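Visitor: Next up, data31.cif (mmCIF, C-alpha atoms and all ligand atoms).
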```cif
data_model
loop_
_atom_site.group_PDB
_atom_site.id
_atom_site.type_symbol
_atom_site.label_atom_id
_atom_site.label_comp_id
_atom_site.auth_asym_id
_atom_site.auth_seq_id
_atom_site.Cartn_x
_atom_site.Cartn_y
_atom_site.Cartn_z
ATOM 1 C CA MET Q 1 -1.961 0.894 -26.333
ATOM 2 C CA LEU Q 2 -2.330 4.661 -25.908
ATOM 3 C CA GLN Q 3 -5.403 6.453 -27.108
ATOM 4 C CA VAL Q 4 -5.924 10.197 -26.964
ATOM 5 C CA GLU Q 5 -9.416 11.214 -28.006
ATOM 6 C CA GLY Q 6 -10.728 14.733 -28.447
ATOM 7 C CA LEU Q 7 -8.529 15.975 -25.599
ATOM 8 C CA THR Q 8 -9.394 19.593 -24.818
ATOM 9 C CA LYS Q 9 -8.194 21.868 -22.049
ATOM 10 C CA GLN Q 10 -8.491 25.617 -21.883
ATOM 11 C CA PHE Q 11 -6.517 27.490 -19.247
ATOM 12 C CA SER Q 12 -7.936 30.664 -17.700
ATOM 13 C CA ASN Q 13 -5.666 32.721 -19.992
ATOM 14 C CA GLY Q 14 -7.356 31.176 -23.052
ATOM 15 C CA LYS Q 15 -4.338 28.994 -23.946
ATOM 16 C CA GLY Q 16 -4.403 25.203 -24.006
ATOM 17 C CA ILE Q 17 -5.147 22.294 -26.331
ATOM 18 C CA ARG Q 18 -8.139 21.641 -28.582
ATOM 19 C CA ASP Q 19 -9.527 18.339 -29.782
ATOM 20 C CA VAL Q 20 -6.204 16.496 -29.707
ATOM 21 C CA SER Q 21 -6.584 12.914 -30.959
ATOM 22 C CA PHE Q 22 -4.061 10.213 -31.849
ATOM 23 C CA THR Q 23 -3.347 6.566 -31.154
ATOM 24 C CA VAL Q 24 -0.013 4.948 -30.359
ATOM 25 C CA ASN Q 25 0.201 1.215 -31.086
ATOM 26 C CA LYS Q 26 1.990 -1.314 -28.921
ATOM 27 C CA GLY Q 27 5.726 -1.332 -29.617
ATOM 28 C CA GLU Q 28 5.548 1.892 -31.579
ATOM 29 C CA VAL Q 29 7.705 4.956 -30.992
ATOM 30 C CA PHE Q 30 5.493 7.966 -31.566
ATOM 31 C CA GLY Q 31 7.001 11.424 -31.870
ATOM 32 C CA PHE Q 32 5.370 14.630 -30.769
ATOM 33 C CA LEU Q 33 6.678 17.738 -32.475
ATOM 34 C CA GLY Q 34 5.693 21.365 -32.408
ATOM 35 C CA PRO Q 35 6.895 24.891 -31.770
ATOM 36 C CA ASN Q 36 7.320 26.293 -28.243
ATOM 37 C CA GLY Q 37 4.028 26.674 -26.450
ATOM 38 C CA ALA Q 38 2.148 24.465 -28.952
ATOM 39 C CA GLY Q 39 0.699 22.195 -26.249
ATOM 40 C CA LYS Q 40 3.038 19.178 -26.103
ATOM 41 C CA SER Q 41 3.643 19.249 -22.346
ATOM 42 C CA THR Q 42 -0.026 19.966 -21.652
ATOM 43 C CA THR Q 43 -1.024 16.890 -23.686
ATOM 44 C CA ILE Q 44 1.624 14.788 -21.926
ATOM 45 C CA ARG Q 45 0.449 15.927 -18.461
ATOM 46 C CA HIS Q 46 -3.057 14.742 -19.378
ATOM 47 C CA ILE Q 47 -1.651 11.414 -20.566
ATOM 48 C CA MET Q 48 0.039 10.991 -17.182
ATOM 49 C CA GLY Q 49 -3.245 11.752 -15.410
ATOM 50 C CA PHE Q 50 -1.905 14.927 -13.753
ATOM 51 C CA MET Q 51 -4.589 17.112 -15.307
ATOM 52 C CA ARG Q 52 -8.293 16.671 -15.761
ATOM 53 C CA PRO Q 53 -9.409 17.381 -19.321
ATOM 54 C CA ASP Q 54 -12.307 19.752 -20.023
ATOM 55 C CA ARG Q 55 -13.375 17.320 -22.731
ATOM 56 C CA GLY Q 56 -12.057 14.113 -24.257
ATOM 57 C CA SER Q 57 -10.050 11.300 -22.727
ATOM 58 C CA VAL Q 58 -6.784 9.404 -22.590
ATOM 59 C CA THR Q 59 -6.672 5.644 -22.189
ATOM 60 C CA ILE Q 60 -3.502 3.648 -21.606
ATOM 61 C CA ASN Q 61 -3.899 -0.081 -22.018
ATOM 62 C CA GLY Q 62 -7.663 0.365 -21.631
ATOM 63 C CA LEU Q 63 -7.355 2.384 -18.396
ATOM 64 C CA ASP Q 64 -8.576 5.980 -18.209
ATOM 65 C CA ALA Q 65 -5.550 8.173 -17.408
ATOM 66 C CA TRP Q 66 -7.457 10.535 -15.120
ATOM 67 C CA LYS Q 67 -9.708 8.040 -13.303
ATOM 68 C CA GLY Q 68 -7.064 5.300 -13.090
ATOM 69 C CA GLN Q 69 -4.269 7.754 -12.239
ATOM 70 C CA GLY Q 70 -2.284 5.702 -9.680
ATOM 71 C CA GLN Q 71 -2.478 2.484 -11.666
ATOM 72 C CA VAL Q 72 -1.502 4.104 -14.958
ATOM 73 C CA GLN Q 73 1.449 5.873 -13.369
ATOM 74 C CA ARG Q 74 2.777 2.623 -11.890
ATOM 75 C CA HIS Q 75 2.913 0.969 -15.310
ATOM 76 C CA THR Q 76 4.249 3.970 -17.161
ATOM 77 C CA GLY Q 77 7.715 5.485 -17.248
ATOM 78 C CA TYR Q 78 7.725 9.261 -17.328
ATOM 79 C CA LEU Q 79 10.364 11.866 -17.906
ATOM 80 C CA PRO Q 80 8.937 15.351 -17.321
ATOM 81 C CA GLY Q 81 10.141 18.393 -19.241
ATOM 82 C CA GLU Q 82 11.471 19.829 -16.007
ATOM 83 C CA ILE Q 83 12.178 17.370 -13.234
ATOM 84 C CA SER Q 84 11.747 18.486 -9.651
ATOM 85 C CA PHE Q 85 13.991 16.636 -7.244
ATOM 86 C CA ILE Q 86 13.729 16.372 -3.491
ATOM 87 C CA ASP Q 87 16.296 18.567 -1.713
ATOM 88 C CA GLY Q 88 19.411 16.966 -0.295
ATOM 89 C CA MET Q 89 19.297 13.747 -2.319
ATOM 90 C CA THR Q 90 22.033 12.174 -4.394
ATOM 91 C CA GLY Q 91 21.214 10.656 -7.770
ATOM 92 C CA ALA Q 92 21.432 7.199 -6.202
ATOM 93 C CA SER Q 93 19.137 7.994 -3.267
ATOM 94 C CA PHE Q 94 16.589 9.590 -5.612
ATOM 95 C CA LEU Q 95 16.628 6.499 -7.844
ATOM 96 C CA GLN Q 96 16.310 4.230 -4.796
ATOM 97 C CA PHE Q 97 13.316 6.283 -3.653
ATOM 98 C CA MET Q 98 11.739 6.039 -7.140
ATOM 99 C CA ALA Q 99 12.418 2.276 -7.274
ATOM 100 C CA SER Q 100 10.619 1.751 -3.967
ATOM 101 C CA MET Q 101 7.640 3.746 -5.330
ATOM 102 C CA GLN Q 102 7.726 1.581 -8.449
ATOM 103 C CA GLY Q 103 7.935 -1.559 -6.304
ATOM 104 C CA VAL Q 104 11.136 -2.715 -8.050
ATOM 105 C CA LYS Q 105 13.772 -4.516 -6.009
ATOM 106 C CA ASP Q 106 16.081 -5.719 -8.774
ATOM 107 C CA THR Q 107 18.769 -3.095 -9.312
ATOM 108 C CA ALA Q 108 20.437 -4.689 -12.373
ATOM 109 C CA LYS Q 109 18.628 -2.571 -14.957
ATOM 110 C CA ARG Q 110 19.161 0.623 -12.972
ATOM 111 C CA GLU Q 111 22.881 -0.110 -12.770
ATOM 112 C CA MET Q 112 23.065 -0.940 -16.466
ATOM 113 C CA LEU Q 113 21.398 2.383 -17.347
ATOM 114 C CA ILE Q 114 23.727 4.376 -15.068
ATOM 115 C CA ARG Q 115 26.707 2.633 -16.657
ATOM 116 C CA ARG Q 116 25.495 3.279 -20.209
ATOM 117 C CA LEU Q 117 24.695 6.942 -19.503
ATOM 118 C CA GLN Q 118 28.073 7.334 -17.795
ATOM 119 C CA PHE Q 119 27.379 9.413 -14.713
ATOM 120 C CA ASP Q 120 28.288 9.224 -11.058
ATOM 121 C CA ALA Q 121 25.028 8.536 -9.242
ATOM 122 C CA ALA Q 122 26.641 9.338 -5.865
ATOM 123 C CA THR Q 123 26.752 13.045 -6.797
ATOM 124 C CA PRO Q 124 24.336 15.254 -4.839
ATOM 125 C CA ILE Q 125 21.594 16.365 -7.270
ATOM 126 C CA ARG Q 126 22.102 20.053 -6.393
ATOM 127 C CA LYS Q 127 25.659 19.741 -7.707
ATOM 128 C CA MET Q 128 24.602 18.071 -10.965
ATOM 129 C CA SER Q 129 24.648 19.770 -14.361
ATOM 130 C CA LYS Q 130 21.414 19.946 -16.412
ATOM 131 C CA GLY Q 131 22.567 16.993 -18.513
ATOM 132 C CA MET Q 132 23.358 14.861 -15.445
ATOM 133 C CA LYS Q 133 19.927 15.571 -13.958
ATOM 134 C CA GLN Q 134 18.391 14.604 -17.280
ATOM 135 C CA LYS Q 135 20.263 11.284 -17.139
ATOM 136 C CA VAL Q 136 18.915 10.594 -13.636
ATOM 137 C CA GLY Q 137 15.408 11.287 -15.006
ATOM 138 C CA ILE Q 138 15.950 8.928 -17.938
ATOM 139 C CA VAL Q 139 17.112 6.130 -15.601
ATOM 140 C CA ALA Q 140 14.002 6.688 -13.437
ATOM 141 C CA ALA Q 141 11.734 6.458 -16.496
ATOM 142 C CA PHE Q 142 13.321 3.271 -17.882
ATOM 143 C CA MET Q 143 14.520 1.261 -14.860
ATOM 144 C CA HIS Q 144 11.266 -0.541 -13.995
ATOM 145 C CA SER Q 145 10.795 -1.748 -17.608
ATOM 146 C CA PRO Q 146 7.334 -0.200 -17.969
ATOM 147 C CA GLU Q 147 5.103 -1.096 -20.928
ATOM 148 C CA VAL Q 148 4.748 2.554 -21.895
ATOM 149 C CA ILE Q 149 7.351 5.298 -21.605
ATOM 150 C CA ILE Q 150 6.385 8.965 -21.969
ATOM 151 C CA LEU Q 151 9.280 11.346 -22.498
ATOM 152 C CA ASP Q 152 9.018 15.135 -22.598
ATOM 153 C CA GLU Q 153 12.036 16.404 -24.550
ATOM 154 C CA PRO Q 154 14.324 13.589 -23.385
ATOM 155 C CA SER Q 155 17.555 14.648 -25.035
ATOM 156 C CA SER Q 156 17.495 18.290 -23.978
ATOM 157 C CA GLY Q 157 20.759 18.975 -22.150
ATOM 158 C CA LEU Q 158 22.446 15.805 -23.428
ATOM 159 C CA ASP Q 159 25.655 16.107 -25.425
ATOM 160 C CA PRO Q 160 25.801 14.467 -28.895
ATOM 161 C CA LEU Q 161 27.415 11.247 -27.616
ATOM 162 C CA MET Q 162 24.793 10.904 -24.880
ATOM 163 C CA GLN Q 163 22.013 11.635 -27.385
ATOM 164 C CA LYS Q 164 23.326 8.741 -29.441
ATOM 165 C CA ILE Q 165 23.430 6.410 -26.427
ATOM 166 C CA PHE Q 166 19.933 7.523 -25.462
ATOM 167 C CA THR Q 167 18.686 6.750 -29.001
ATOM 168 C CA GLN Q 168 20.203 3.267 -28.734
ATOM 169 C CA LEU Q 169 18.431 2.702 -25.408
ATOM 170 C CA VAL Q 170 15.097 3.699 -26.961
ATOM 171 C CA LEU Q 171 15.627 1.357 -29.915
ATOM 172 C CA GLU Q 172 16.561 -1.537 -27.604
ATOM 173 C CA GLU Q 173 13.434 -1.007 -25.487
ATOM 174 C CA LYS Q 174 11.351 -0.699 -28.646
ATOM 175 C CA ALA Q 175 12.710 -4.042 -29.874
ATOM 176 C CA ALA Q 176 11.563 -5.514 -26.545
ATOM 177 C CA GLY Q 177 7.997 -4.266 -27.247
ATOM 178 C CA THR Q 178 7.916 -1.044 -25.198
ATOM 179 C CA THR Q 179 5.609 1.695 -26.448
ATOM 180 C CA PHE Q 180 6.932 5.257 -26.511
ATOM 181 C CA LEU Q 181 5.518 8.732 -26.812
ATOM 182 C CA MET Q 182 8.212 11.345 -26.968
ATOM 183 C CA SER Q 183 8.130 15.057 -27.531
ATOM 184 C CA SER Q 184 11.182 16.500 -29.161
ATOM 185 C CA HIS Q 185 12.623 19.496 -30.940
ATOM 186 C CA SER Q 186 15.247 17.277 -32.564
ATOM 187 C CA PHE Q 187 14.284 16.104 -36.037
ATOM 188 C CA GLN Q 188 17.260 13.803 -36.081
ATOM 189 C CA GLU Q 189 16.088 12.106 -32.910
ATOM 190 C CA ILE Q 190 12.580 11.688 -34.344
ATOM 191 C CA GLU Q 191 13.973 10.362 -37.613
ATOM 192 C CA ARG Q 192 16.209 7.828 -35.869
ATOM 193 C CA THR Q 193 13.667 6.447 -33.418
ATOM 194 C CA CYS Q 194 10.066 7.134 -34.420
ATOM 195 C CA ASP Q 195 7.629 5.233 -36.603
ATOM 196 C CA ARG Q 196 5.104 8.055 -36.726
ATOM 197 C CA ALA Q 197 5.024 11.618 -35.506
ATOM 198 C CA ALA Q 198 2.263 14.117 -34.766
ATOM 199 C CA ILE Q 199 2.803 17.810 -35.258
ATOM 200 C CA ILE Q 200 0.934 20.109 -32.891
ATOM 201 C CA LYS Q 201 0.523 23.821 -33.412
ATOM 202 C CA ASP Q 202 -1.453 26.382 -31.397
ATOM 203 C CA GLY Q 203 -3.039 23.573 -29.363
ATOM 204 C CA SER Q 204 -4.266 21.493 -32.336
ATOM 205 C CA ILE Q 205 -2.805 18.536 -34.215
ATOM 206 C CA VAL Q 206 -1.997 19.683 -37.759
ATOM 207 C CA ALA Q 207 -0.579 16.413 -39.106
ATOM 208 C CA VAL Q 208 0.246 12.825 -38.187
ATOM 209 C CA LYS Q 209 2.944 11.433 -40.463
ATOM 210 C CA ASN Q 210 4.500 8.029 -41.000
ATOM 211 C CA ILE Q 211 8.254 8.615 -40.802
ATOM 212 C CA HIS Q 212 9.075 5.599 -42.994
ATOM 213 C CA GLU Q 213 6.703 6.862 -45.708
ATOM 214 C CA LEU Q 214 8.154 10.353 -45.461
ATOM 215 C CA GLN Q 215 11.627 8.908 -45.863
ATOM 216 C CA SER Q 216 10.608 7.029 -49.017
ATOM 217 C CA MET Q 217 8.906 10.160 -50.362
ATOM 218 C CA GLN Q 218 11.954 12.347 -49.882
ATOM 219 C CA ARG Q 219 12.758 14.484 -52.864
ATOM 220 C CA LYS Q 220 16.205 14.390 -54.377
ATOM 221 C CA LEU Q 221 17.673 17.415 -56.046
ATOM 222 C CA PHE Q 222 20.147 16.675 -58.868
ATOM 223 C CA GLU Q 223 22.551 19.346 -60.012
ATOM 224 C CA ILE Q 224 23.980 18.383 -63.386
ATOM 225 C CA LEU Q 225 26.870 20.024 -65.163
ATOM 226 C CA PHE Q 226 26.559 19.390 -68.938
ATOM 227 C CA GLU Q 227 29.440 19.713 -71.395
ATOM 228 C CA THR Q 228 27.780 22.645 -73.192
ATOM 229 C CA PRO Q 229 25.008 25.185 -72.489
ATOM 230 C CA GLU Q 230 23.241 23.852 -75.629
ATOM 231 C CA ASP Q 231 22.992 20.373 -74.076
ATOM 232 C CA ALA Q 232 21.691 21.953 -70.863
ATOM 233 C CA GLN Q 233 19.038 23.852 -72.866
ATOM 234 C CA ARG Q 234 17.982 20.733 -74.784
ATOM 235 C CA PHE Q 235 17.746 18.672 -71.557
ATOM 236 C CA ALA Q 236 15.719 21.442 -69.887
ATOM 237 C CA ALA Q 237 13.301 21.519 -72.853
ATOM 238 C CA SER Q 238 12.632 17.776 -72.701
ATOM 239 C CA GLY Q 239 9.437 18.092 -70.651
ATOM 240 C CA LEU Q 240 10.949 17.196 -67.274
ATOM 241 C CA ILE Q 241 10.175 19.618 -64.451
ATOM 242 C CA ILE Q 242 13.293 21.721 -64.097
ATOM 243 C CA ASP Q 243 14.175 23.594 -60.922
ATOM 244 C CA SER Q 244 16.650 26.022 -62.492
ATOM 245 C CA ILE Q 245 19.077 26.429 -65.395
ATOM 246 C CA ALA Q 246 22.190 28.615 -65.594
ATOM 247 C CA GLY Q 247 24.734 28.160 -68.410
ATOM 248 C CA ASN Q 248 25.570 24.465 -68.586
ATOM 249 C CA ARG Q 249 24.267 23.797 -65.041
ATOM 250 C CA VAL Q 250 20.739 22.391 -64.516
ATOM 251 C CA ARG Q 251 18.994 21.616 -61.238
ATOM 252 C CA ILE Q 252 16.113 19.173 -61.245
ATOM 253 C CA ALA Q 253 14.032 17.768 -58.367
ATOM 254 C CA VAL Q 254 13.023 14.111 -58.615
ATOM 255 C CA GLN Q 255 10.651 12.253 -56.331
ATOM 256 C CA GLY Q 256 9.617 8.607 -56.561
ATOM 257 C CA ASN Q 257 10.120 7.596 -60.216
ATOM 258 C CA TYR Q 258 13.671 8.192 -61.457
ATOM 259 C CA ASN Q 259 13.282 6.508 -64.875
ATOM 260 C CA PRO Q 260 12.137 9.427 -67.095
ATOM 261 C CA PHE Q 261 14.994 11.483 -65.638
ATOM 262 C CA THR Q 262 17.721 8.858 -66.121
ATOM 263 C CA ALA Q 263 16.454 7.992 -69.634
ATOM 264 C CA GLU Q 264 16.665 11.649 -70.728
ATOM 265 C CA LEU Q 265 19.998 12.253 -69.032
ATOM 266 C CA ALA Q 266 21.568 9.227 -70.755
ATOM 267 C CA LYS Q 267 21.339 11.144 -74.096
ATOM 268 C CA TYR Q 268 24.019 13.671 -73.066
ATOM 269 C CA PRO Q 269 27.615 13.632 -71.951
ATOM 270 C CA VAL Q 270 27.644 14.716 -68.305
ATOM 271 C CA ARG Q 271 30.650 16.506 -66.833
ATOM 272 C CA SER Q 272 29.598 16.134 -63.169
ATOM 273 C CA MET Q 273 26.583 15.654 -60.968
ATOM 274 C CA ASP Q 274 25.731 16.427 -57.329
ATOM 275 C CA ILE Q 275 22.767 15.000 -55.430
ATOM 276 C CA PHE Q 276 21.039 16.671 -52.464
ATOM 277 C CA THR Q 277 18.406 14.924 -50.367
ATOM 278 C CA GLN Q 278 15.591 16.907 -48.819
ATOM 279 C CA ASN Q 279 15.724 15.992 -45.161
ATOM 280 C CA LEU Q 280 12.851 15.447 -42.761
ATOM 281 C CA GLU Q 281 13.579 18.751 -41.121
ATOM 282 C CA ASP Q 282 12.695 20.561 -44.357
ATOM 283 C CA ILE Q 283 9.435 18.618 -44.591
ATOM 284 C CA PHE Q 284 8.499 19.303 -40.980
ATOM 285 C CA MET Q 285 9.489 22.960 -41.059
ATOM 286 C CA ASP Q 286 6.855 23.333 -43.718
ATOM 287 C CA TYR Q 287 4.240 22.278 -41.168
ATOM 288 C CA TYR Q 288 5.649 24.561 -38.497
ATOM 289 C CA ASP Q 289 5.181 27.498 -40.862
ATOM 290 C CA ARG Q 290 1.760 26.670 -42.183
ATOM 291 C CA GLU Q 291 -1.537 27.937 -40.819
ATOM 292 C CA ALA Q 292 -3.105 25.372 -38.457
ATOM 293 C CA LYS Q 293 -5.223 22.987 -40.475
ATOM 294 C CA VAL Q 294 -5.694 19.227 -40.466
ATOM 295 C CA GLN Q 295 -3.682 17.513 -43.207
HETATM 296 N N1 LIG G 301 -1.015 25.823 -16.035
HETATM 297 C C1 LIG G 301 -1.119 26.670 -17.052
HETATM 298 N N2 LIG G 301 -1.848 27.803 -16.949
HETATM 299 C C2 LIG G 301 -1.968 28.666 -17.979
HETATM 300 N N3 LIG G 301 -1.397 28.474 -19.200
HETATM 301 C C3 LIG G 301 -0.676 27.373 -19.368
HETATM 302 C C4 LIG G 301 -0.481 26.406 -18.315
HETATM 303 N N4 LIG G 301 0.290 25.392 -18.799
HETATM 304 C C5 LIG G 301 0.570 25.711 -20.085
HETATM 305 N N5 LIG G 301 -0.012 26.897 -20.426
HETATM 306 C C6 LIG G 301 0.026 27.536 -21.766
HETATM 307 O O1 LIG G 301 -0.478 26.591 -22.715
HETATM 308 C C7 LIG G 301 0.289 26.644 -23.927
HETATM 309 C C8 LIG G 301 0.893 25.269 -24.201
HETATM 310 O O2 LIG G 301 1.981 25.045 -23.317
HETATM 311 P P1 LIG G 301 2.847 23.706 -23.294
HETATM 312 O O3 LIG G 301 3.771 23.794 -22.130
HETATM 313 O O4 LIG G 301 1.950 22.535 -23.368
HETATM 314 O O5 LIG G 301 3.674 23.851 -24.666
HETATM 315 P P2 LIG G 301 4.848 22.957 -25.271
HETATM 316 O O6 LIG G 301 4.407 22.548 -26.637
HETATM 317 O O7 LIG G 301 5.222 21.871 -24.329
HETATM 318 O O8 LIG G 301 6.026 24.018 -25.407
HETATM 319 P P3 LIG G 301 7.640 23.905 -25.296
HETATM 320 O O9 LIG G 301 8.127 23.321 -26.603
HETATM 321 O O10 LIG G 301 8.028 25.342 -25.161
HETATM 322 O O11 LIG G 301 7.960 23.085 -24.094
HETATM 323 C C9 LIG G 301 1.325 27.731 -23.728
HETATM 324 O O12 LIG G 301 0.820 28.918 -24.312
HETATM 325 C C10 LIG G 301 1.441 27.863 -22.208
HETATM 326 O O13 LIG G 301 1.800 29.160 -21.844
#
```
Just dump the structure as structure tokens.

Guide:
Amino acid sequence: MLQVEGLTKQFSNGKGIRDVSFTVNKGEVFGFLGPNGAGKSTTIRHIMGFMRPDRGSVTINGLDAWKGQGQVQRHTGYLPGEISFIDGMTGASFLQFMASMQGVKDTAKREMLIRRLQFDAATPIRKMSKGMKQKVGIVAAFMHSPEVIILDEPSSGLDPLMQKIFTQLVLEEKAAGTTFLMSSHSFQEIERTCDRAAIIKDGSIVAVKNIHELQSMQRKLFEILFETPEDAQRFAASGLIIDSIAGNRVRIAVQGNYNPFTAELAKYPVRSMDIFTQNLEDIFMDYYDREAKVQ
């Protein structure tokens, strides 16, 4: 549905993106993660056909994003990182203006979105908080039921309840077959909505990961309190890979196959046990820290 191939753009200051490639399948929610200044917005602006690449291309539904600009934009919902509104408009008049550009007459979906996001659309935009403006932008991106929705940091400025409602909206649209690309700094948001995510750093993609696979690969850390330090010592000497041992307390990390661990543990009386799950944030932070290289 969305294909980014070898996308390269160098700004006059030497910054930009290099050889960015990924594909987003129909009905998929694809996350785009990376530190500040990594190149997320630059990639998204190319996808929307606002910028001409030095090299490479973006195709949406077979149409070249740059050459087919107008057409692509009509069939795509877009929430920019920073929305610029026309002076003097209310939320409602801005949305009406956007709807006429989108050629949509039916207002039912727009009204449903305003109701779900709980804001007063009659408020003048200049009097709106950051979060309210963000809601107006989300309604504009979703209300014409486009096939593809591109969101640049959609939940920035939204409070936790609104983030939750926004996540539900994304999942409902996904179930209806909409394709999403969304940049985010929120791991939780990525984890709740995305199928795959790309991590970009210093203008290059360093990894594309399947979120469902990552979730099944998550490491669990068990902290076991044995009855005696001798039992702890014996358990630690059994050949399992032990994280740490102190007195009668042993920490062990287990990933994938739990059987050797449970079989060994069954030999000892256990006083108590705590389990910690490595979360996706820990996994992704690893990529943020690493030197840029393709995984
Ligand atoms: N028009 C421009 N001219 C010159 N440099 C630019 C331009 N647009 C972006 N850059 C630079 O390109 C790099 C990538 O910026 P971009 O906005 O794409 O990052 P980002 O990943 O979206 O960051 P953030 O998470 O902070 O929003 C940055 O170093 C930025 O300063």

Visitor: Around the point (14.6, 14.0, -13.8) in the file's coordinates, collect all residues with an atom within 8 Å, using all atoms listed in the file, and return them as a PyMOL selection string.

Guide: chain Q and resi 79-80+82-85+133-138+140

Visitor: For Phe187 of chain Q, please output as a list in words all residues within 9 Å (counting only C-alpha atoms; exclusion window: fewer than 3 positions along the same chain).

Guide: Leu33, Ser184, Ile190, Glu191, Arg192, Leu280, Glu281 and Phe284 of chain Q

Visitor: Can I get the residues close to ligand LIG 301 (chain G) as a ChimeraX atom specification, where close means within 7 Å and we count only C-alpha atoms and all ligand atoms?

Guide: /Q:11-13,15-16,34-43,203

Visitor: Can you measure atom CA of Ala246 of chain Q to atom CA of Pro260 of chain Q for me? One decimal in Å is fine.

Guide: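 Value for the atom CA of Ala246 of chain Q-atom CA of Pro260 of chain Q distance: 21.7 Å.
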
Visitor: Report as JSON, numbers by chain all protein, DNA and RNA residues lying within 9 Å of Gln102 of chain Q, evaluated on only C-alpha atoms, omitting residues in the same chain fewer than 4 positions from it.

Guide: {"Q": [74, 75, 97, 98, 144]}

Visitor: To test your reading of the syntax: which residues would the PyMOL selection byres (((chain Q and resi 179) around 9) and not hetatm) return for the file shown? Reply as a PyMOL selection string.

Guide: chain Q and resi 1-2+24-30+146-150+173-174+177-178+180-181

Visitor: With distances taken over only C-alpha atoms, which of Q:Asp54, Q:Met48, Q:Gly77, Q:Pro269 is nearest to Lys9 of chain Q?

Guide: Q:Asp54

Visitor: Leu158 of chain Q: which residues within 9 Å, counting all atoms listed in the file, same-chain residues fewer than 2 positions away excluded, as a ChimeraX atom specification?

Guide: /Q:130-132,134-135,154-156,160-163,166

Visitor: Mind checking which residues fall within 9 Å of Ile165 of chain Q, counting all atoms listed in the file, ignoring those fewer than 5 positions away in the same chain, and posting them as a list in words?

Guide: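 So, after excluding close chain neighbours, the residues are Arg116, Leu117, Pro160 and Val170 of chain Q.
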
Visitor: For a test of reading the model, state the distance in Å between atom CA of Lys220 of chain Q and atom CA of Gly256 of chain Q, rounded to one decimal.

Guide: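 Atom-to-atom, atom CA of Lys220 of chain Q to atom CA of Gly256 of chain Q, that is 9.0 Å.
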
Visitor: Calculate how many Å separate atom CA of Asp195 of chain Q from atom CA of Phe276 of chain Q, rounding to one decimal.

Guide: 23.7 Å

Visitor: Assuming 8 Å of padding per side, give the centre and edge lengths of the axis-aligned box around every listed atom of segment 68-87 of chain Q, in Å to one decimal and as lines of an AutoDock Vina configuration file.

Guide:
```
center_x = 4.6
center_y = 10.4
center_z = -10.5
size_x = 39.4
size_y = 34.9
size_z = 33.5
```

Visitor: Restricting the calculation to all atoms listed in the file, which member of Q:Arg234, Q:Cys194, Q:Ser57, Q:Asp159 is positioned closest to Ser129 of chain Q?

Guide: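 Distance minimum relative to Ser129 of chain Q lands on Q:Asp159.
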
Visitor: Suppose a student applies the PyMOL selection byres (((chain Q and resi 91) around 7) and not hetatm) to this structure; what residues should they get, written as a list of chain:residue names?

Guide: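 Written out, the selection comes to Q:Met89, Q:Thr90, Q:Ala92, Q:Ser93, Q:Phe94, Q:Leu95, Q:Ala121, Q:Ala122, Q:Thr123, Q:Pro124, Q:Ile125, Q:Val136.
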
Visitor: Under the rule that all atoms listed in the file are counted, which of Q:Ala253, Q:Val58, Q:Val206, Q:Met128 is the nearest residue to Gln3 of chain Q?

Guide: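 The shortest atom-to-atom distance to Gln3 of chain Q comes from Q:Val58.
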
Visitor: Please provide as a list of chain:residue names all residues within 12 Å of Lys67 of chain Q, with the sequence filter that same-chain residues fewer than 4 positions apart are discarded (counting all atoms listed in the file).

Guide: Q:His46, Q:Ile47, Q:Met48, Q:Gly49, Q:Phe50, Q:Met51, Q:Arg52, Q:Pro53, Q:Ser57, Q:Val58, Q:Thr59, Q:Ile60, Q:Gly62, Q:Leu63, Q:Gln71, Q:Val72, Q:Gln73

Visitor: Choose the residue, out of Q:Glu264, Q:Asp286, Q:Glu111, Q:Glu189, that has the smallest atom-to-atom separation from Ala236 of chain Q; count all atoms listed in the file.

Guide: Q:Glu264

Visitor: Check the smallest atom-to-atom distance from each of Q:Asp120, Q:Glu213, Q:Asp243, Q:Glu153 to Phe32 of chain Q using only C-alpha atoms, then report the winner.

Guide: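 Among the listed residues, Q:Glu153 lies closest to Phe32 of chain Q.
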
Visitor: Write out N, CA and C atoms for segment 140-146 of chain Q, as a PDB file, keeping the file's coordinate frame.

Guide:
```pdb
ATOM      1  N   ALA Q 140      15.252   6.873 -14.202  1.00  0.00           N
ATOM      2  CA  ALA Q 140      14.002   6.688 -13.437  1.00  0.00           C
ATOM      3  C   ALA Q 140      12.848   6.272 -14.344  1.00  0.00           C
ATOM      4  N   ALA Q 141      12.834   6.778 -15.581  1.00  0.00           N
ATOM      5  CA  ALA Q 141      11.734   6.458 -16.496  1.00  0.00           C
ATOM      6  C   ALA Q 141      11.854   5.058 -17.094  1.00  0.00           C
ATOM      7  N   PHE Q 142      13.099   4.558 -17.198  1.00  0.00           N
ATOM      8  CA  PHE Q 142      13.321   3.271 -17.882  1.00  0.00           C
ATOM      9  C   PHE Q 142      13.500   2.089 -16.927  1.00  0.00           C
ATOM     10  N   MET Q 143      13.939   2.346 -15.670  1.00  0.00           N
ATOM     11  CA  MET Q 143      14.520   1.261 -14.860  1.00  0.00           C
ATOM     12  C   MET Q 143      13.531   0.185 -14.414  1.00  0.00           C
ATOM     13  N   HIS Q 144      12.224   0.490 -14.414  1.00  0.00           N
ATOM     14  CA  HIS Q 144      11.266  -0.541 -13.995  1.00  0.00           C
ATOM     15  C   HIS Q 144      10.655  -1.267 -15.186  1.00  0.00           C
ATOM     16  N   SER Q 145      11.256  -1.099 -16.373  1.00  0.00           N
ATOM     17  CA  SER Q 145      10.795  -1.748 -17.608  1.00  0.00           C
ATOM     18  C   SER Q 145       9.287  -1.618 -17.795  1.00  0.00           C
ATOM     19  N   PRO Q 146       8.776  -0.363 -17.788  1.00  0.00           N
ATOM     20  CA  PRO Q 146       7.334  -0.200 -17.969  1.00  0.00           C
ATOM     21  C   PRO Q 146       6.921  -0.518 -19.405  1.00  0.00           C
TER      22      PRO Q 146
END
```
